[in-house]
file start-v2.cif (mmCIF, N, CA and C atoms)
data_work
#
loop_
_atom_site.group_PDB
_atom_site.id
_atom_site.type_symbol
_atom_site.label_atom_id
_atom_site.label_comp_id
_atom_site.auth_asym_id
_atom_site.auth_seq_id
_atom_site.Cartn_x
_atom_site.Cartn_y
_atom_site.Cartn_z
ATOM 1 N N MET A 241 8.992 -42.216 24.434
ATOM 2 C CA MET A 241 9.454 -42.117 23.068
ATOM 3 C C MET A 241 10.983 -42.136 23.075
ATOM 4 N N LYS A 242 11.523 -43.037 22.314
ATOM 5 C CA LYS A 242 12.965 -43.177 22.247
ATOM 6 C C LYS A 242 13.459 -42.574 20.932
ATOM 7 N N ILE A 243 14.471 -41.710 21.021
ATOM 8 C CA ILE A 243 15.064 -41.093 19.838
ATOM 9 C C ILE A 243 16.140 -42.037 19.317
ATOM 10 N N VAL A 244 15.938 -42.512 18.101
ATOM 11 C CA VAL A 244 16.843 -43.495 17.515
ATOM 12 C C VAL A 244 18.107 -42.812 16.978
ATOM 13 N N ASN A 245 17.921 -41.722 16.219
ATOM 14 C CA ASN A 245 19.055 -41.049 15.608
ATOM 15 C C ASN A 245 19.082 -39.602 16.118
ATOM 16 N N LYS A 246 19.968 -39.338 17.116
ATOM 17 C CA LYS A 246 20.015 -38.021 17.753
ATOM 18 C C LYS A 246 20.419 -36.928 16.760
ATOM 19 N N THR A 247 21.330 -37.192 15.862
ATOM 20 C CA THR A 247 21.791 -36.192 14.897
ATOM 21 C C THR A 247 20.642 -35.748 13.999
ATOM 22 N N LYS A 248 19.892 -36.702 13.514
ATOM 23 C CA LYS A 248 18.760 -36.399 12.644
ATOM 24 C C LYS A 248 17.695 -35.610 13.407
ATOM 25 N N PHE A 249 17.469 -35.990 14.646
ATOM 26 C CA PHE A 249 16.481 -35.312 15.486
ATOM 27 C C PHE A 249 16.883 -33.857 15.733
ATOM 28 N N VAL A 250 18.136 -33.628 16.110
ATOM 29 C CA VAL A 250 18.630 -32.269 16.389
ATOM 30 C C VAL A 250 18.577 -31.416 15.123
ATOM 31 N N ARG A 251 18.948 -31.988 13.997
ATOM 32 C CA ARG A 251 18.911 -31.258 12.727
ATOM 33 C C ARG A 251 17.471 -30.863 12.374
ATOM 34 N N THR A 252 16.539 -31.771 12.537
ATOM 35 C CA THR A 252 15.134 -31.496 12.227
ATOM 36 C C THR A 252 14.567 -30.401 13.136
ATOM 37 N N ILE A 253 14.866 -30.487 14.429
ATOM 38 C CA ILE A 253 14.392 -29.469 15.377
ATOM 39 C C ILE A 253 15.018 -28.115 15.053
ATOM 40 N N SER A 254 16.302 -28.098 14.715
ATOM 41 C CA SER A 254 16.989 -26.846 14.375
ATOM 42 C C SER A 254 16.366 -26.192 13.150
ATOM 43 N N ILE A 255 16.110 -26.975 12.124
ATOM 44 C CA ILE A 255 15.478 -26.441 10.910
ATOM 45 C C ILE A 255 14.087 -25.906 11.234
ATOM 46 N N PHE A 256 13.357 -26.619 12.052
ATOM 47 C CA PHE A 256 12.017 -26.180 12.445
ATOM 48 C C PHE A 256 12.072 -24.836 13.185
ATOM 49 N N ILE A 257 13.014 -24.699 14.107
ATOM 50 C CA ILE A 257 13.144 -23.458 14.879
ATOM 51 C C ILE A 257 13.555 -22.297 13.968
ATOM 52 N N ILE A 258 14.461 -22.542 13.047
ATOM 53 C CA ILE A 258 14.881 -21.496 12.111
ATOM 54 C C ILE A 258 13.714 -21.057 11.232
ATOM 55 N N LEU A 259 12.971 -22.013 10.694
ATOM 56 C CA LEU A 259 11.807 -21.677 9.870
ATOM 57 C C LEU A 259 10.760 -20.902 10.671
ATOM 58 N N LEU A 260 10.535 -21.312 11.887
ATOM 59 C CA LEU A 260 9.576 -20.611 12.743
ATOM 60 C C LEU A 260 10.035 -19.178 13.002
ATOM 61 N N GLY A 261 11.331 -18.990 13.248
ATOM 62 C CA GLY A 261 11.886 -17.652 13.456
ATOM 63 C C GLY A 261 11.718 -16.771 12.235
ATOM 64 N N VAL A 262 11.980 -17.317 11.051
ATOM 65 C CA VAL A 262 11.822 -16.554 9.808
ATOM 66 C C VAL A 262 10.365 -16.153 9.615
ATOM 67 N N ILE A 263 9.451 -17.045 9.879
ATOM 68 C CA ILE A 263 8.022 -16.733 9.745
ATOM 69 C C ILE A 263 7.626 -15.619 10.699
ATOM 70 N N VAL A 264 8.083 -15.667 11.927
ATOM 71 C CA VAL A 264 7.754 -14.632 12.912
ATOM 72 C C VAL A 264 8.328 -13.290 12.496
ATOM 73 N N ILE A 265 9.559 -13.262 12.024
ATOM 74 C CA ILE A 265 10.198 -12.008 11.620
ATOM 75 C C ILE A 265 9.451 -11.371 10.455
ATOM 76 N N PHE A 266 9.114 -12.145 9.443
ATOM 77 C CA PHE A 266 8.459 -11.586 8.278
ATOM 78 C C PHE A 266 6.972 -11.322 8.482
ATOM 79 N N SER A 267 6.351 -11.954 9.449
ATOM 80 C CA SER A 267 4.925 -11.718 9.678
ATOM 81 C C SER A 267 4.676 -10.366 10.318
ATOM 82 N N LYS A 268 5.697 -9.750 10.918
ATOM 83 C CA LYS A 268 5.530 -8.431 11.529
ATOM 84 C C LYS A 268 5.563 -7.314 10.495
ATOM 85 N N ASN A 269 6.080 -7.574 9.319
ATOM 86 C CA ASN A 269 6.121 -6.562 8.267
ATOM 87 C C ASN A 269 4.752 -6.414 7.640
ATOM 88 N N THR A 270 4.426 -5.203 7.267
ATOM 89 C CA THR A 270 3.162 -4.968 6.582
ATOM 90 C C THR A 270 3.430 -4.862 5.087
ATOM 91 N N TYR A 271 2.533 -5.336 4.319
ATOM 92 C CA TYR A 271 2.688 -5.305 2.879
ATOM 93 C C TYR A 271 1.692 -4.352 2.235
ATOM 94 N N SER A 272 1.264 -3.332 2.989
ATOM 95 C CA SER A 272 0.360 -2.348 2.424
ATOM 96 C C SER A 272 1.150 -1.361 1.584
ATOM 97 N N LYS A 273 0.451 -0.492 0.879
ATOM 98 C CA LYS A 273 1.104 0.444 -0.024
ATOM 99 C C LYS A 273 1.892 1.516 0.706
ATOM 100 N N GLY A 274 1.572 1.801 1.928
ATOM 101 C CA GLY A 274 2.295 2.839 2.641
ATOM 102 C C GLY A 274 1.545 3.286 3.872
ATOM 103 N N GLU A 275 2.157 4.196 4.586
ATOM 104 C CA GLU A 275 1.546 4.718 5.793
ATOM 105 C C GLU A 275 0.467 5.733 5.421
ATOM 106 N N ILE A 276 -0.631 5.681 6.130
ATOM 107 C CA ILE A 276 -1.771 6.544 5.813
ATOM 108 C C ILE A 276 -1.758 7.766 6.715
ATOM 109 N N SER A 277 -2.000 8.912 6.102
ATOM 110 C CA SER A 277 -2.202 10.148 6.852
ATOM 111 C C SER A 277 -3.512 10.748 6.358
ATOM 112 N N TYR A 278 -3.905 11.849 6.940
ATOM 113 C CA TYR A 278 -5.164 12.477 6.559
ATOM 114 C C TYR A 278 -4.945 13.952 6.260
ATOM 115 N N LYS A 279 -5.599 14.422 5.210
ATOM 116 C CA LYS A 279 -5.615 15.853 4.946
ATOM 117 C C LYS A 279 -7.026 16.345 5.265
ATOM 118 N N GLU A 280 -7.122 17.593 5.638
ATOM 119 C CA GLU A 280 -8.432 18.171 5.939
ATOM 120 C C GLU A 280 -8.763 19.235 4.906
ATOM 121 N N ASN A 281 -9.939 19.128 4.333
ATOM 122 C CA ASN A 281 -10.439 20.115 3.385
ATOM 123 C C ASN A 281 -11.724 20.708 3.933
ATOM 124 N N TYR A 282 -12.011 21.914 3.505
ATOM 125 C CA TYR A 282 -13.281 22.543 3.867
ATOM 126 C C TYR A 282 -14.325 22.227 2.812
ATOM 127 N N ILE A 283 -15.568 22.150 3.252
ATOM 128 C CA ILE A 283 -16.685 21.911 2.356
ATOM 129 C C ILE A 283 -17.155 23.272 1.812
ATOM 130 N N TYR A 284 -17.281 23.365 0.504
ATOM 131 C CA TYR A 284 -17.762 24.588 -0.138
ATOM 132 C C TYR A 284 -19.173 24.359 -0.658
ATOM 133 N N ALA A 285 -19.865 25.451 -0.968
ATOM 134 C CA ALA A 285 -21.234 25.365 -1.498
ATOM 135 C C ALA A 285 -21.230 24.504 -2.764
ATOM 136 N N GLY A 286 -22.130 23.566 -2.837
ATOM 137 C CA GLY A 286 -22.249 22.698 -4.004
ATOM 138 C C GLY A 286 -21.449 21.410 -3.910
ATOM 139 N N ASP A 287 -20.585 21.289 -2.916
ATOM 140 C CA ASP A 287 -19.825 20.050 -2.755
ATOM 141 C C ASP A 287 -20.740 18.911 -2.318
ATOM 142 N N THR A 288 -20.487 17.746 -2.862
ATOM 143 C CA THR A 288 -21.170 16.524 -2.429
ATOM 144 C C THR A 288 -20.101 15.467 -2.188
ATOM 145 N N LEU A 289 -20.440 14.447 -1.460
ATOM 146 C CA LEU A 289 -19.480 13.354 -1.257
ATOM 147 C C LEU A 289 -19.092 12.727 -2.593
ATOM 148 N N TRP A 290 -20.053 12.660 -3.491
ATOM 149 C CA TRP A 290 -19.802 12.077 -4.804
ATOM 150 C C TRP A 290 -18.759 12.900 -5.561
ATOM 151 N N SER A 291 -18.918 14.240 -5.573
ATOM 152 C CA SER A 291 -17.967 15.092 -6.301
ATOM 153 C C SER A 291 -16.585 15.067 -5.647
ATOM 154 N N ILE A 292 -16.546 15.026 -4.327
ATOM 155 C CA ILE A 292 -15.260 14.933 -3.618
ATOM 156 C C ILE A 292 -14.601 13.597 -3.942
ATOM 157 N N ALA A 293 -15.388 12.519 -3.959
ATOM 158 C CA ALA A 293 -14.854 11.192 -4.280
ATOM 159 C C ALA A 293 -14.303 11.150 -5.704
ATOM 160 N N GLU A 294 -15.019 11.749 -6.655
ATOM 161 C CA GLU A 294 -14.537 11.789 -8.042
ATOM 162 C C GLU A 294 -13.181 12.496 -8.120
ATOM 163 N N ASN A 295 -13.076 13.630 -7.434
ATOM 164 C CA ASN A 295 -11.833 14.393 -7.437
ATOM 165 C C ASN A 295 -10.695 13.589 -6.801
ATOM 166 N N GLU A 296 -10.987 12.907 -5.703
ATOM 167 C CA GLU A 296 -9.944 12.139 -5.014
ATOM 168 C C GLU A 296 -9.499 10.926 -5.823
ATOM 169 N N ILE A 297 -10.392 10.297 -6.543
ATOM 170 C CA ILE A 297 -10.017 9.154 -7.392
ATOM 171 C C ILE A 297 -9.022 9.605 -8.453
ATOM 172 N N GLU A 298 -9.215 10.813 -8.982
ATOM 173 C CA GLU A 298 -8.331 11.336 -10.023
ATOM 174 C C GLU A 298 -6.992 11.826 -9.466
ATOM 175 N N ASN A 299 -6.984 12.376 -8.243
ATOM 176 C CA ASN A 299 -5.807 13.085 -7.747
ATOM 177 C C ASN A 299 -5.137 12.485 -6.516
ATOM 178 N N ASN A 300 -5.675 11.414 -5.959
ATOM 179 C CA ASN A 300 -5.164 10.868 -4.710
ATOM 180 C C ASN A 300 -4.791 9.397 -4.924
ATOM 181 N N LYS A 301 -3.509 9.064 -4.759
ATOM 182 C CA LYS A 301 -3.035 7.678 -4.966
ATOM 183 C C LYS A 301 -3.740 6.678 -4.049
ATOM 184 N N TYR A 302 -4.174 7.146 -2.885
ATOM 185 C CA TYR A 302 -4.850 6.255 -1.940
ATOM 186 C C TYR A 302 -6.113 5.649 -2.553
ATOM 187 N N PHE A 303 -6.829 6.429 -3.342
ATOM 188 C CA PHE A 303 -8.081 5.964 -3.927
ATOM 189 C C PHE A 303 -7.933 5.464 -5.355
ATOM 190 N N GLU A 304 -6.705 5.329 -5.826
ATOM 191 C CA GLU A 304 -6.461 4.882 -7.190
ATOM 192 C C GLU A 304 -7.085 3.504 -7.421
ATOM 193 N N ASN A 305 -7.795 3.350 -8.519
ATOM 194 C CA ASN A 305 -8.432 2.095 -8.947
ATOM 195 C C ASN A 305 -9.541 1.628 -8.009
ATOM 196 N N LYS A 306 -10.126 2.534 -7.245
ATOM 197 C CA LYS A 306 -11.256 2.162 -6.398
ATOM 198 C C LYS A 306 -12.550 2.646 -7.036
ATOM 199 N N GLU A 307 -13.619 1.916 -6.807
ATOM 200 C CA GLU A 307 -14.931 2.292 -7.309
ATOM 201 C C GLU A 307 -15.452 3.486 -6.509
ATOM 202 N N ILE A 308 -16.157 4.368 -7.179
ATOM 203 C CA ILE A 308 -16.594 5.616 -6.547
ATOM 204 C C ILE A 308 -17.495 5.369 -5.337
ATOM 205 N N ARG A 309 -18.328 4.363 -5.397
ATOM 206 C CA ARG A 309 -19.206 4.078 -4.251
ATOM 207 C C ARG A 309 -18.398 3.669 -3.018
ATOM 208 N N ALA A 310 -17.330 2.919 -3.249
ATOM 209 C CA ALA A 310 -16.450 2.513 -2.140
ATOM 210 C C ALA A 310 -15.748 3.728 -1.544
ATOM 211 N N VAL A 311 -15.366 4.680 -2.397
ATOM 212 C CA VAL A 311 -14.702 5.890 -1.912
ATOM 213 C C VAL A 311 -15.678 6.725 -1.088
ATOM 214 N N VAL A 312 -16.905 6.869 -1.567
ATOM 215 C CA VAL A 312 -17.931 7.615 -0.820
ATOM 216 C C VAL A 312 -18.159 6.958 0.541
ATOM 217 N N ASP A 313 -18.286 5.642 0.565
ATOM 218 C CA ASP A 313 -18.486 4.922 1.829
ATOM 219 C C ASP A 313 -17.307 5.108 2.773
ATOM 220 N N GLU A 314 -16.095 5.079 2.235
ATOM 221 C CA GLU A 314 -14.921 5.255 3.089
ATOM 222 C C GLU A 314 -14.862 6.668 3.659
ATOM 223 N N LEU A 315 -15.196 7.660 2.846
ATOM 224 C CA LEU A 315 -15.224 9.036 3.338
ATOM 225 C C LEU A 315 -16.258 9.192 4.452
ATOM 226 N N LYS A 316 -17.413 8.560 4.284
ATOM 227 C CA LYS A 316 -18.442 8.610 5.326
ATOM 228 C C LYS A 316 -17.947 7.944 6.608
ATOM 229 N N THR A 317 -17.273 6.811 6.475
ATOM 230 C CA THR A 317 -16.777 6.090 7.639
ATOM 231 C C THR A 317 -15.689 6.877 8.363
ATOM 232 N N VAL A 318 -14.727 7.384 7.617
ATOM 233 C CA VAL A 318 -13.608 8.127 8.206
ATOM 234 C C VAL A 318 -14.103 9.355 8.961
ATOM 235 N N ASN A 319 -15.135 10.000 8.425
ATOM 236 C CA ASN A 319 -15.635 11.241 9.016
ATOM 237 C C ASN A 319 -16.836 11.035 9.938
ATOM 238 N N ASN A 320 -17.214 9.796 10.179
ATOM 239 C CA ASN A 320 -18.362 9.465 11.041
ATOM 240 C C ASN A 320 -19.645 10.158 10.599
ATOM 241 N N PHE A 321 -19.857 10.199 9.279
ATOM 242 C CA PHE A 321 -21.086 10.791 8.743
ATOM 243 C C PHE A 321 -22.192 9.747 8.787
ATOM 244 N N LYS A 322 -23.336 10.133 9.299
ATOM 245 C CA LYS A 322 -24.497 9.234 9.313
ATOM 246 C C LYS A 322 -25.194 9.231 7.957
ATOM 247 N N SER A 323 -25.130 10.388 7.262
ATOM 248 C CA SER A 323 -25.747 10.503 5.941
ATOM 249 C C SER A 323 -24.749 11.162 5.001
ATOM 250 N N SER A 324 -25.166 11.363 3.766
ATOM 251 C CA SER A 324 -24.299 11.987 2.770
ATOM 252 C C SER A 324 -24.442 13.504 2.750
ATOM 253 N N GLU A 325 -25.208 14.036 3.664
ATOM 254 C CA GLU A 325 -25.434 15.483 3.706
ATOM 255 C C GLU A 325 -24.196 16.208 4.237
ATOM 256 N N LEU A 326 -23.751 17.222 3.486
ATOM 257 C CA LEU A 326 -22.585 18.011 3.875
ATOM 258 C C LEU A 326 -23.012 19.437 4.189
ATOM 259 N N TYR A 327 -22.248 20.097 5.061
ATOM 260 C CA TYR A 327 -22.552 21.466 5.453
ATOM 261 C C TYR A 327 -21.403 22.370 5.045
ATOM 262 N N GLU A 328 -21.725 23.461 4.386
ATOM 263 C CA GLU A 328 -20.723 24.416 3.935
ATOM 264 C C GLU A 328 -19.895 24.925 5.120
ATOM 265 N N GLY A 329 -18.590 24.935 4.952
ATOM 266 C CA GLY A 329 -17.689 25.404 5.996
ATOM 267 C C GLY A 329 -17.194 24.314 6.932
ATOM 268 N N ALA A 330 -17.801 23.151 6.876
ATOM 269 C CA ALA A 330 -17.359 22.034 7.718
ATOM 270 C C ALA A 330 -16.063 21.451 7.149
ATOM 271 N N LYS A 331 -15.324 20.746 7.974
ATOM 272 C CA LYS A 331 -14.101 20.083 7.539
ATOM 273 C C LYS A 331 -14.386 18.629 7.210
ATOM 274 N N ILE A 332 -13.648 18.109 6.246
ATOM 275 C CA ILE A 332 -13.741 16.696 5.907
ATOM 276 C C ILE A 332 -12.321 16.135 5.889
ATOM 277 N N LYS A 333 -12.133 14.990 6.536
ATOM 278 C CA LYS A 333 -10.837 14.306 6.542
ATOM 279 C C LYS A 333 -10.790 13.363 5.355
ATOM 280 N N ILE A 334 -9.663 13.408 4.634
ATOM 281 C CA ILE A 334 -9.496 12.574 3.467
ATOM 282 C C ILE A 334 -8.191 11.773 3.620
ATOM 283 N N PRO A 335 -8.285 10.429 3.579
ATOM 284 C CA PRO A 335 -7.073 9.608 3.715
ATOM 285 C C PRO A 335 -6.163 9.766 2.497
ATOM 286 N N MET A 336 -4.856 9.671 2.757
ATOM 287 C CA MET A 336 -3.863 9.719 1.696
ATOM 288 C C MET A 336 -2.592 9.047 2.181
ATOM 289 N N TYR A 337 -1.726 8.661 1.236
ATOM 290 C CA TYR A 337 -0.447 8.077 1.603
ATOM 291 C C TYR A 337 0.545 9.183 1.910
ATOM 292 N N LYS A 338 1.421 8.931 2.878
ATOM 293 C CA LYS A 338 2.465 9.913 3.211
ATOM 294 C C LYS A 338 3.495 9.978 2.125
#

call {"tool": "encode", "arguments": {"input": "start-v2.cif", "output": "structure tokens"}}
result
Amino acid sequence: MKIVNKTKFVRTISIFIILLGVIVIFSKNTYSKGEISYKENYIYAGDTLWSIAENEIENNKYFENKEIRAVVDELKTVNNFKSSELYEGAKIKIPMYK
């Protein structure tokens, strides 16, 4: 392959390298709402995953605008619960933004 116009070739390669660099730099940034941390609450008599999810939707920015079933599923996943059964005095981890 013979390069006919070296100036044009060098300019094109330079622009390509700059664009590739910009893409790499910006692809490392995350565009999520924020860093996630966890708070731990104790389970009291009468608590259910549904009632905890309702409370978190109202008071926790992490669960803002999420459907209650999705919140219940996420709580089960985060806490490795096989079922929705809760035990009084047990701890439950709840995700939240820092």

call {"tool": "select_by_dssp", "arguments": {"input": "start-v2.cif", "residues": "chain A", "states": "alpha helix (DSSP H)", "output": "short mmCIF file (atom, residue, chain, number, x, y, z; two decimals) with N, CA and C atoms, keeping the file's coordinate frame"}}
result
data_model
loop_
_atom_site.label_atom_id
_atom_site.label_comp_id
_atom_site.auth_asym_id
_atom_site.auth_seq_id
_atom_site.Cartn_x
_atom_site.Cartn_y
_atom_site.Cartn_z
N LYS A 246 19.97 -39.34 17.12
CA LYS A 246 20.02 -38.02 17.75
C LYS A 246 20.42 -36.93 16.76
N THR A 247 21.33 -37.19 15.86
CA THR A 247 21.79 -36.19 14.90
C THR A 247 20.64 -35.75 14.00
N LYS A 248 19.89 -36.70 13.51
CA LYS A 248 18.76 -36.40 12.64
C LYS A 248 17.70 -35.61 13.41
N PHE A 249 17.47 -35.99 14.65
CA PHE A 249 16.48 -35.31 15.49
C PHE A 249 16.88 -33.86 15.73
N VAL A 250 18.14 -33.63 16.11
CA VAL A 250 18.63 -32.27 16.39
C VAL A 250 18.58 -31.42 15.12
N ARG A 251 18.95 -31.99 14.00
CA ARG A 251 18.91 -31.26 12.73
C ARG A 251 17.47 -30.86 12.37
N THR A 252 16.54 -31.77 12.54
CA THR A 252 15.13 -31.50 12.23
C THR A 252 14.57 -30.40 13.14
N ILE A 253 14.87 -30.49 14.43
CA ILE A 253 14.39 -29.47 15.38
C ILE A 253 15.02 -28.12 15.05
N SER A 254 16.30 -28.10 14.72
CA SER A 254 16.99 -26.85 14.38
C SER A 254 16.37 -26.19 13.15
N ILE A 255 16.11 -26.98 12.12
CA ILE A 255 15.48 -26.44 10.91
C ILE A 255 14.09 -25.91 11.23
N PHE A 256 13.36 -26.62 12.05
CA PHE A 256 12.02 -26.18 12.44
C PHE A 256 12.07 -24.84 13.18
N ILE A 257 13.01 -24.70 14.11
CA ILE A 257 13.14 -23.46 14.88
C ILE A 257 13.56 -22.30 13.97
N ILE A 258 14.46 -22.54 13.05
CA ILE A 258 14.88 -21.50 12.11
C ILE A 258 13.71 -21.06 11.23
N LEU A 259 12.97 -22.01 10.69
CA LEU A 259 11.81 -21.68 9.87
C LEU A 259 10.76 -20.90 10.67
N LEU A 260 10.54 -21.31 11.89
CA LEU A 260 9.58 -20.61 12.74
C LEU A 260 10.04 -19.18 13.00
N GLY A 261 11.33 -18.99 13.25
CA GLY A 261 11.89 -17.65 13.46
C GLY A 261 11.72 -16.77 12.24
N VAL A 262 11.98 -17.32 11.05
CA VAL A 262 11.82 -16.55 9.81
C VAL A 262 10.36 -16.15 9.62
N ILE A 263 9.45 -17.05 9.88
CA ILE A 263 8.02 -16.73 9.74
C ILE A 263 7.63 -15.62 10.70
N VAL A 264 8.08 -15.67 11.93
CA VAL A 264 7.75 -14.63 12.91
C VAL A 264 8.33 -13.29 12.50
N ILE A 265 9.56 -13.26 12.02
CA ILE A 265 10.20 -12.01 11.62
C ILE A 265 9.45 -11.37 10.46
N PHE A 266 9.11 -12.14 9.44
CA PHE A 266 8.46 -11.59 8.28
C PHE A 266 6.97 -11.32 8.48
N SER A 267 6.35 -11.95 9.45
CA SER A 267 4.92 -11.72 9.68
C SER A 267 4.68 -10.37 10.32
N LEU A 289 -20.44 14.45 -1.46
CA LEU A 289 -19.48 13.35 -1.26
C LEU A 289 -19.09 12.73 -2.59
N TRP A 290 -20.05 12.66 -3.49
CA TRP A 290 -19.80 12.08 -4.80
C TRP A 290 -18.76 12.90 -5.56
N SER A 291 -18.92 14.24 -5.57
CA SER A 291 -17.97 15.09 -6.30
C SER A 291 -16.58 15.07 -5.65
N ILE A 292 -16.55 15.03 -4.33
CA ILE A 292 -15.26 14.93 -3.62
C ILE A 292 -14.60 13.60 -3.94
N ALA A 293 -15.39 12.52 -3.96
CA ALA A 293 -14.85 11.19 -4.28
C ALA A 293 -14.30 11.15 -5.70
N GLU A 294 -15.02 11.75 -6.66
CA GLU A 294 -14.54 11.79 -8.04
C GLU A 294 -13.18 12.50 -8.12
N ASN A 295 -13.08 13.63 -7.43
CA ASN A 295 -11.83 14.39 -7.44
C ASN A 295 -10.70 13.59 -6.80
N GLU A 296 -10.99 12.91 -5.70
CA GLU A 296 -9.94 12.14 -5.01
C GLU A 296 -9.50 10.93 -5.82
N ILE A 297 -10.39 10.30 -6.54
CA ILE A 297 -10.02 9.15 -7.39
C ILE A 297 -9.02 9.60 -8.45
N GLU A 298 -9.22 10.81 -8.98
CA GLU A 298 -8.33 11.34 -10.02
C GLU A 298 -6.99 11.83 -9.47
N ASN A 299 -6.98 12.38 -8.24
CA ASN A 299 -5.81 13.08 -7.75
C ASN A 299 -5.14 12.48 -6.52
N ILE A 308 -16.16 4.37 -7.18
CA ILE A 308 -16.59 5.62 -6.55
C ILE A 308 -17.50 5.37 -5.34
N ARG A 309 -18.33 4.36 -5.40
CA ARG A 309 -19.21 4.08 -4.25
C ARG A 309 -18.40 3.67 -3.02
N ALA A 310 -17.33 2.92 -3.25
CA ALA A 310 -16.45 2.51 -2.14
C ALA A 310 -15.75 3.73 -1.54
N VAL A 311 -15.37 4.68 -2.40
CA VAL A 311 -14.70 5.89 -1.91
C VAL A 311 -15.68 6.72 -1.09
N VAL A 312 -16.90 6.87 -1.57
CA VAL A 312 -17.93 7.62 -0.82
C VAL A 312 -18.16 6.96 0.54
N ASP A 313 -18.29 5.64 0.56
CA ASP A 313 -18.49 4.92 1.83
C ASP A 313 -17.31 5.11 2.77
N GLU A 314 -16.10 5.08 2.24
CA GLU A 314 -14.92 5.26 3.09
C GLU A 314 -14.86 6.67 3.66
N LEU A 315 -15.20 7.66 2.85
CA LEU A 315 -15.22 9.04 3.34
C LEU A 315 -16.26 9.19 4.45
N LYS A 316 -17.41 8.56 4.28
CA LYS A 316 -18.44 8.61 5.33
C LYS A 316 -17.95 7.94 6.61
N THR A 317 -17.27 6.81 6.48
CA THR A 317 -16.78 6.09 7.64
C THR A 317 -15.69 6.88 8.36
N VAL A 318 -14.73 7.38 7.62
CA VAL A 318 -13.61 8.13 8.21
C VAL A 318 -14.10 9.36 8.96
#

call {"tool": "residues_near_point", "arguments": {"input": "start-v2.cif", "point": "(-3.5, 8.3, 0.0)", "cutoff": "7 Å", "atoms": "only N, CA and C atoms", "output": "PyMOL selection string"}}
result
chain A and resi 276-277+300-303+334-338

call {"tool": "select_by_dssp", "arguments": {"input": "start-v2.cif", "residues": "chain A", "states": "strand (DSSP E)", "output": "ChimeraX atom specification"}}
result
/A:276-282,331-337

call {"tool": "atom_distance", "arguments": {"input": "start-v2.cif", "atom1": "atom C of Val318 of chain A", "atom2": "atom N of Gly274 of chain A"}}
result
18.8 Å

call {"tool": "atom_distance", "arguments": {"input": "start-v2.cif", "atom1": "atom CA of Ile332 of chain A", "atom2": "atom C of Glu296 of chain A"}}
result
13.7 Å

call {"tool": "resolve_selection", "arguments": {"input": "start-v2.cif", "expression": "the PyMOL selection byres ((chain A and resi 310-317) around 8)", "output": "JSON, numbers by chain"}}
result
{"A": [289, 290, 292, 293, 294, 297, 303, 306, 307, 308, 309, 318, 319, 320, 321, 322, 323, 324, 333, 334, 335]}

call {"tool": "atom_distance", "arguments": {"input": "start-v2.cif", "atom1": "atom C of Lys331 of chain A", "atom2": "atom N of Asn281 of chain A"}}
result
5.3 Å

call {"tool": "closest_residue", "arguments": {"input": "start-v2.cif", "among": "A:Glu304, A:Asn295, A:Thr288, A:Val264", "to": "Glu325 of chain A", "atoms": "only C-alpha atoms"}}
result
A:Thr288
